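Colleague: Just passing along the structure, written as structure tokens.
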Amino acid sequence: MKPRNLVLLCLLAPLLSGCTAKTDSGTPRIVNIVNFIRLCEPRFPEITEDVLYETTARQVELMDRYGFRGTFLLQYDALMEPRYAELLKEAAGRGHEAGAWWEITQPHVERAGLTWRGRFPWDWHANVGFSTGYTPAEREKLVDVYMEDFKNIFGAYPRVVGCWFFDARTLAYMHEKYGVEAACNMKDQIGTDGYTLWGGYWAGAYYPSRENSYMPAQNETMQIPVPVFRMLGSDPIYQYDNGLGTDVQTVESLEAVYPESGGHPGWIRYFYRSLTDDPALGFTYAQTGQENSFTWPMMEKGLREQFAVLDSLNRAGKVRIEPLSHTARWFRSRYPVTPPTALSVLEDHKGEGRRTVWFDSRFYRANLLLENGTLRFRDIHLFDETVRSAYLDTPGTDTRSAYYTLPVVDGFEWSTPDSRAGLYLCRTGADGRPKPVTVRNLRVPSPEKNTMCAVAETESGNFDIRLEESGWSIRSCDGSDDWALVFRTPKKEAVPTLSVSPRQLHLLSDGHPYRLEARSGRFETPELPAQETVPALWSLRPSEGEIRIDCSLR
């Protein structure tokens, strides 16, 4: 072991490893390896404290074998276990970092002088195992206890905190009192493990609103200046529709324990090839690693497969592999507010011809999907920093949790297995009714500054699509107006209350009004036959061949 002062220096400022290359295009492609640590696993008695420790030790060993440097996040009960502290102090000397995993446990609560309400020493129910289940004053006590004990062990406060979800007051308090500079939360999902986060900044990182940890802020004055990175590396094509028709999504992500995704060699190559090679705006980002609760035998194969691919990409200079705090410092130095970013996937690992583009900015997110020869906006959600989270000041009492943004198009919650909601690219038929355009290809050129571009190629002419920070546009290359974007859903009753005028679309979700404005083109309410099985609720018609929509009005 290195002398204690050098170990602590390495913990506070891990040296950048050699895994810091950029792609030839100059667009950073970044991977963080984040492993988080629990002391106990009450669901499975065979998963003992020794099994959990051995899992973390093997993770460190494998990362060191490749020279990768990453982030280890400690739940409070694991923080207080001496052998984890010794393991991570040694690892810090080689450039790894330790931080906080913000699931709440019985030892943590009792150390703060509070009463534990859980069923087990670690209870995953939202109302006891997460900060959202506690009052603001209790949240501060939990933070104070953790920070002081972490400093007593490691010599400094942690700079990084992660959790499936956390409240804005806790994150702001951690930053303002203890200097936390990076955070990570769960990928978008519906109902998985009882937790829902839906409609947020889909990949990469955002600055959250002081009113809502899941909602990107639009202005510096309203944002917590801690970038929140999205965890788990979701499949950009297939994760979104998993579990369609149910209340719980399954998982298709970089988590190494899932044999059809993060543990499958073909899927791994597909995911990282897209991350590093397909056109992207700003930067692309993925987080891999695994919680120790899954145990080493379950994750070993997948992690070894992933690290072999990452090693090859790193040697080719196509990916940056670094601790989370390094990425956060780079992000903060480059972006004063949440940036526009985008990624594309131009190869379907199932060989079914799907292509997709995900775009995020501080104002909205959008997803384009080419599927079965049709092109649609599968998803559009708006962001508003003034939307207060229900958990901001009031403890959640439900064992489940839910965070949402403002839906305009929701291709999961407003779809059925037989009929998909979306804003479809259509042409007007001889009978005057819009019919989906057959799209032969979705081509994605190199992005422009703050703009992701796509071209929908059809037999009757191409359409140029531009996704920009404040809104998006689509233009027919021949300047014709015989086409439209038509919003269809089989779940009309699920769509937020709305009204349609030529210039604006008005919606109301959970009492919060929001709107889109047509800068070019117009909104219409189609007059379609009553027997229409999938009704069109509204459409967008072009003006001089163009539709241009503003998503920034608040």
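Residue numbers start at 1 in each chain; chains themselves are named A, B, ... in the order of the structure tokens; ligands are numbered from 1 in the order shown.
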Excluding Met215 in chain A and its own-chain neighbours fewer than 3 positions away, which residues fall within 12 Å of it when counting only C-alpha atoms? Please give them as a count of residues only.

Modeller: 43

Colleague: Apply DSSP to the backbone of this structure and, from range 87-313 of chain A, keep only the residues in alpha helix (DSSP H); write these as number ranges by chain.

Modeller: A: 87-92, 106-111, 126-129, 136-154, 168-178, 265-277, 296-313

Colleague: Write out as an MDAnalysis selection string all residues of range 424-529 of chain A that DSSP puts in strand (DSSP E or B) for this structure's backbone.

Modeller: chainID A and resid 424:428 434:436 439:443 448 451:458 463:468 471:476 483:488 497:500 504:509 512:520 522:524

Colleague: Select from range 406-521 of chain A every residue with an atom at most 7 Å from any atom of range 370-378 of chain A, then for each give the shortest pair of atoms and their distance in Å to one decimal, using only C-alpha atoms, rows by chain and rising number, as CSV.

Modeller:
residue,atom,partner,partner_atom,distance
A:Val409,CA,A:Arg378,CA,6.7
A:Asp410,CA,A:Arg378,CA,6.7
A:Gly411,CA,A:Arg378,CA,5.0
A:Gly422,CA,A:Arg378,CA,4.9
A:Leu423,CA,A:Phe377,CA,5.0
A:Tyr424,CA,A:Arg376,CA,4.3
A:Leu425,CA,A:Leu375,CA,5.9
A:Pro436,CA,A:Thr374,CA,6.4
A:Val437,CA,A:Thr374,CA,6.3
A:Thr438,CA,A:Gly373,CA,5.2
A:Val439,CA,A:Gly373,CA,5.0
A:Arg440,CA,A:Gly373,CA,6.2
A:Leu442,CA,A:Leu370,CA,6.7

Colleague: Which residues are close to Arg119 in chain A, i.e. within 12 Å by only C-alpha atoms, leaving aside same-chain residues fewer than 5 positions away? Reply as a PyMOL selection string.

Modeller: chain A and resi 42-43+105-106+124-125+127-129+399

Colleague: Measuring atom to atom with only C-alpha atoms, identify which of A:Asp418, A:Glu291, A:Asp235, A:Asp431 is nearest to His349 in chain A.

Modeller: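 Using only C-alpha atoms, His349 in chain A sits closest to A:Asp235.
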
Colleague: Looking at A:Tyr391, A:Phe523, A:Tyr240, A:Trp330, which one is nearest to Tyr214 in chain A, with distances taken over only C-alpha atoms?

Modeller: A:Tyr391

Colleague: Using only C-alpha atoms, which protein or nucleic acid residues come within 12 Å of Gly191 in chain A? Drop anything in the same chain fewer than 6 positions from it, and give the result as JSON, numbers by chain.

Modeller: {"A": [126, 197, 198, 242, 243, 244, 246, 247, 248, 249, 250, 251, 399, 400, 401, 402, 403, 413]}

Colleague: I'd like the contact shell of Glu49 in chain A - 12 Å cut-off, only C-alpha atoms, skipping same-chain residues fewer than 4 positions apart - returned as a ChimeraX atom specification.

Modeller: /A:37-42,44-45,53-56,77-78,81,83-84,292-293,295

Colleague: Could you check which of A:Tyr157, A:Tyr272, A:Trp472, A:Tyr238 is closest to Ile549 in chain A, using only C-alpha atoms?

Modeller: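 Closest residue, counting only C-alpha atoms: A:Trp472.
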
Colleague: Write out as a short mmCIF file (atom, residue, chain, number, x, y, z; two decimals) with all heavy atoms, in the first residue's frame each polymer residue whose atoms come within 9 Å of Phe307 in chain A, counting only C-alpha atoms; drop sequence neighbours fewer than 4 positions from it.

Modeller:
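Result file follows (selection_8.cif):
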data_model
loop_
_atom_site.label_atom_id
_atom_site.label_comp_id
_atom_site.auth_asym_id
_atom_site.auth_seq_id
_atom_site.Cartn_x
_atom_site.Cartn_y
_atom_site.Cartn_z
N LEU A 62 -10.35 -6.85 -12.34
CA LEU A 62 -10.55 -6.87 -13.79
C LEU A 62 -10.27 -5.50 -14.40
O LEU A 62 -9.64 -5.40 -15.47
CB LEU A 62 -11.97 -7.32 -14.12
CG LEU A 62 -12.30 -7.44 -15.61
CD1 LEU A 62 -11.43 -8.50 -16.28
CD2 LEU A 62 -13.79 -7.78 -15.80
N MET A 63 -10.71 -4.45 -13.76
CA MET A 63 -10.45 -3.11 -14.28
C MET A 63 -8.96 -2.82 -14.30
O MET A 63 -8.43 -2.26 -15.28
CB MET A 63 -11.20 -2.07 -13.44
CG MET A 63 -12.71 -2.15 -13.59
SD MET A 63 -13.61 -1.19 -12.35
CE MET A 63 -13.21 0.48 -12.86
N TYR A 66 -6.93 -4.22 -17.28
CA TYR A 66 -6.97 -3.46 -18.53
C TYR A 66 -6.46 -2.03 -18.38
O TYR A 66 -6.39 -1.29 -19.37
CB TYR A 66 -8.41 -3.42 -19.06
CG TYR A 66 -8.86 -4.70 -19.69
CD1 TYR A 66 -9.62 -5.62 -18.98
CD2 TYR A 66 -8.51 -5.02 -21.01
CE1 TYR A 66 -10.04 -6.81 -19.56
CE2 TYR A 66 -8.91 -6.19 -21.60
CZ TYR A 66 -9.68 -7.09 -20.87
OH TYR A 66 -10.09 -8.27 -21.45
N PHE A 68 -8.10 0.27 -16.82
CA PHE A 68 -9.26 1.15 -16.76
C PHE A 68 -9.37 1.75 -15.36
O PHE A 68 -9.15 1.07 -14.36
CB PHE A 68 -10.55 0.40 -17.08
CG PHE A 68 -10.61 -0.19 -18.46
CD1 PHE A 68 -11.48 -1.25 -18.73
CD2 PHE A 68 -9.84 0.32 -19.49
CE1 PHE A 68 -11.56 -1.80 -20.00
CE2 PHE A 68 -9.91 -0.22 -20.77
CZ PHE A 68 -10.77 -1.29 -21.02
N GLY A 302 -20.14 -11.18 -18.87
CA GLY A 302 -20.51 -9.95 -19.57
C GLY A 302 -19.47 -8.86 -19.41
O GLY A 302 -19.13 -8.16 -20.37
N LEU A 303 -18.93 -8.69 -18.20
CA LEU A 303 -17.91 -7.66 -17.99
C LEU A 303 -16.65 -7.97 -18.78
O LEU A 303 -16.03 -7.07 -19.37
CB LEU A 303 -17.59 -7.52 -16.50
CG LEU A 303 -18.62 -6.78 -15.64
CD1 LEU A 303 -18.14 -6.71 -14.20
CD2 LEU A 303 -18.91 -5.38 -16.17
N ASP A 311 -11.30 -2.24 -24.51
CA ASP A 311 -9.85 -2.18 -24.64
C ASP A 311 -9.45 -1.97 -26.10
O ASP A 311 -8.56 -1.17 -26.41
CB ASP A 311 -9.23 -3.47 -24.10
CG ASP A 311 -7.71 -3.44 -24.12
OD1 ASP A 311 -7.12 -2.52 -23.53
OD2 ASP A 311 -7.11 -4.33 -24.76
N SER A 312 -10.11 -2.69 -27.00
CA SER A 312 -9.82 -2.53 -28.43
C SER A 312 -10.16 -1.12 -28.90
O SER A 312 -9.38 -0.48 -29.63
CB SER A 312 -10.62 -3.56 -29.23
OG SER A 312 -10.44 -3.37 -30.61
#

Colleague: Provide the CA of Ser325 in chain A to CA of Ala182 in chain A distance in Å, to one decimal place.

Modeller: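 It comes out at 5.8 Å.
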
Colleague: Determine, counting only C-alpha atoms, which protein, DNA and RNA residues have an atom within 12 Å of an atom of Glu448 in chain A; residues of the same chain fewer than 3 positions away are not included. Present the result as a list in words.

Modeller: Pro279, Ala280, Leu281, Gly282, Pro340, Thr341, Ala342, Val444, Pro445, Thr451, Met452, Cys453, Ala454, Arg466, Leu467, Glu468 and Glu469 of chain A

Colleague: Would you work out the distance separating CA of Gly95 in chain A from CA of His326 in chain A, expressed in Å to one decimal?

Modeller: 11.0 Å

Colleague: Just to confirm, what's the straight-line distance from CA of Thr170 in chain A to CA of Ile30 in chain A in Å (one decimal)?

Modeller: 27.0 Å

Colleague: Which one is closest to Glu97 in chain A: A:Gly245, A:Gly432, A:Gly70, A:Pro542? Count only C-alpha atoms.

Modeller: A:Gly70
